[in-house]
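These notes concern the structure reproduced below.
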Amino acid sequence: MNRKNGKILVFGGSFDPAHKAHLEVLRDAISFIGTNKVIIVPSWLSPFKNSHWASYGQRKKMLSEALKEYSLANLCEISDFEAKKRKKTYTWQLIKYLKKKYPYSELFFLMGSDSFLSLKKWKKPGYIRKNCKIIVARRKGFETDKTNGILFLNKLYPSLSSTEAREKILKKDFSLLPKSVKKEIISKKLYFYPIADSISKILSKKRFNHTLAVCRLARELSEIWDANSKKAVLAALIHDCAKEFPLNKQLKIAGKIFPKKDLYIKAKKAPGIIHQYASAAYARYNLSVKDKEILKAAASHSLGKKNPNKLSQIIEISDFASYDRRHKNAQKIRRTALKSLKKAFKQMREEKRKYLKNIKAEILPYE
């Protein structure tokens, strides 16, 4: 008697959010191995990330709607394996669980080429390869090694990630997402879409593009230096939101949070720094940003403050050295920040003070 249950395709990921490439790869992998059972496992907390942008429930809902849209829901089961543990879980633990639950089935684990290249860094990679077959969806430029027993889907896929999808959402670009996922994001106000939409309406195109460039660098630095990337991007998104308001309006808005007397003294000496306070206050009262750490980072990105925490350092550096900056020190500080945040921060502050002393500014940074 053949007790084998057949082939099971396993697909894990953050799905934050689920995008078109997820669905395309999944559909091709189902056809590739000829299975009618797929287990999709959204991560509770990825071993390689310190936070997710949407909650587990929100990510699961978007994934579920996308599977329906692509007519894959009848083949796919979304497993709460990681969510039930409510802690960081590793792929080898998932494979062990599935081997026990489906002892007579053949497991196929689907992953992207980036994940495959980092497989050696995973926990117990040998166990994974021994207990399931790995299928890799290749991106363009990825070279395959046909001798190592790995299965590769037949075509090449575009370089597309949830990170790229989230960055496009800030620009109101949903082209990488299924229609059902776009609908959920707008309906549930996810990925700072409403905040970005509001800010884009009060800033010039050039200023908003600068904001997006700061968001990009802040996200990169937060991921490298183990800071909360979601907080970093939100702080970057709001940091200049009141920049183009007239000074009197900036002072009025900033006065809702900061001492008015102090603001007027600073406005006489350096009117260009008032926007940092106004932006934080505007975000608090007009955009419903309540996180004090985020507001403090936005409120000190220009003048700076003594002994800033990691988030504030990241925002100050990201504004000074953002990808749209053309001054001679931007690229140097940016490159340094990717290697040493502490060194980059020190260099940036030295450059700021040097410049302001040269122009005989009445207020120097972090006084």
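Ordered as shown in the structure tokens, chains take letters A, B, and onward, while each chain numbers its residues from 1 and ligands are numbered from 1 in the order shown.
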Need the shell around A:Leu217: protein/DNA/RNA residues with any atom at most 7 Å away, counting only C-alpha atoms. Skip same-chain ones fewer than 3 positions apart. Format as a VMD selection string?
chain A and resid 213 to 214 220 to 221 318 322
I want to know what sits within 12 Å of A:Lys182, based on only C-alpha atoms, with residues of the same chain fewer than 2 positions away left out; could you give that as a compact mmCIF listing (two decimals) with C-alpha atoms, in the first residue's frame?
# COMPACT_ATOMS: atom_id res chain seq x y z
CA PRO A 17 3.17 43.15 1.73
CA ALA A 18 2.49 40.28 -0.67
CA HIS A 19 3.40 41.50 -4.17
CA LYS A 20 2.96 40.33 -7.74
CA LYS A 61 -5.30 39.13 5.21
CA MET A 62 -3.48 40.76 2.27
CA LEU A 63 -1.94 37.42 1.33
CA GLU A 65 -6.94 38.25 -0.74
CA ALA A 66 -4.07 38.05 -3.22
CA GLU A 69 -7.33 37.21 -6.89
CA ALA A 165 6.95 47.85 -2.98
CA ARG A 166 6.74 49.80 0.30
CA LYS A 168 6.70 52.88 -4.12
CA ILE A 169 3.60 53.04 -1.90
CA LYS A 172 1.27 56.41 -4.45
CA ASP A 173 2.62 53.81 -6.86
CA PHE A 174 0.90 50.43 -6.40
CA SER A 175 2.10 48.91 -9.67
CA LEU A 176 3.98 46.06 -7.94
CA LEU A 177 0.95 44.92 -5.98
CA PRO A 178 -2.17 42.88 -6.74
CA LYS A 179 -5.32 45.01 -6.84
CA SER A 180 -6.68 43.28 -3.75
CA GLU A 184 -6.41 46.52 1.75
CA ILE A 185 -3.55 48.99 2.14
CA ILE A 186 -5.73 51.99 1.34
CA SER A 187 -8.64 50.69 3.41
CA LYS A 188 -6.53 49.90 6.50
CA LYS A 189 -4.17 52.89 6.03
CA LEU A 190 -1.04 50.73 5.99
CA TYR A 191 2.61 51.51 5.20
CA TYR A 193 0.22 55.68 2.74
Report as CSV the residues of stretch 248-331 of chain A within 9 Å of stretch 346-363 of chain A, each with its shortest atom pair and distance in Å (one decimal), using only C-alpha atoms, ordered by chain and increasing residue number.
residue,atom,partner,partner_atom,distance
A:Lys266,CA,A:Ile363,CA,7.8
A:Lys269,CA,A:Glu362,CA,5.6
A:Ala270,CA,A:Ile363,CA,6.6
A:Leu303,CA,A:Ile363,CA,8.5
A:Gly304,CA,A:Arg349,CA,8.7
A:Glu316,CA,A:Met348,CA,8.8
A:Ile317,CA,A:Met348,CA,7.0
A:Phe320,CA,A:Met348,CA,7.6
A:Ala321,CA,A:Met348,CA,8.6
A:Asn329,CA,A:Glu351,CA,7.9
A:Ala330,CA,A:Met348,CA,8.9
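Of the residues listed (A:Ser71, A:Ser64, A:Asn248, A:Ser51), A:Ser71 shows the shortest atom-to-atom separation from A:Arg27; distances use only C-alpha atoms.
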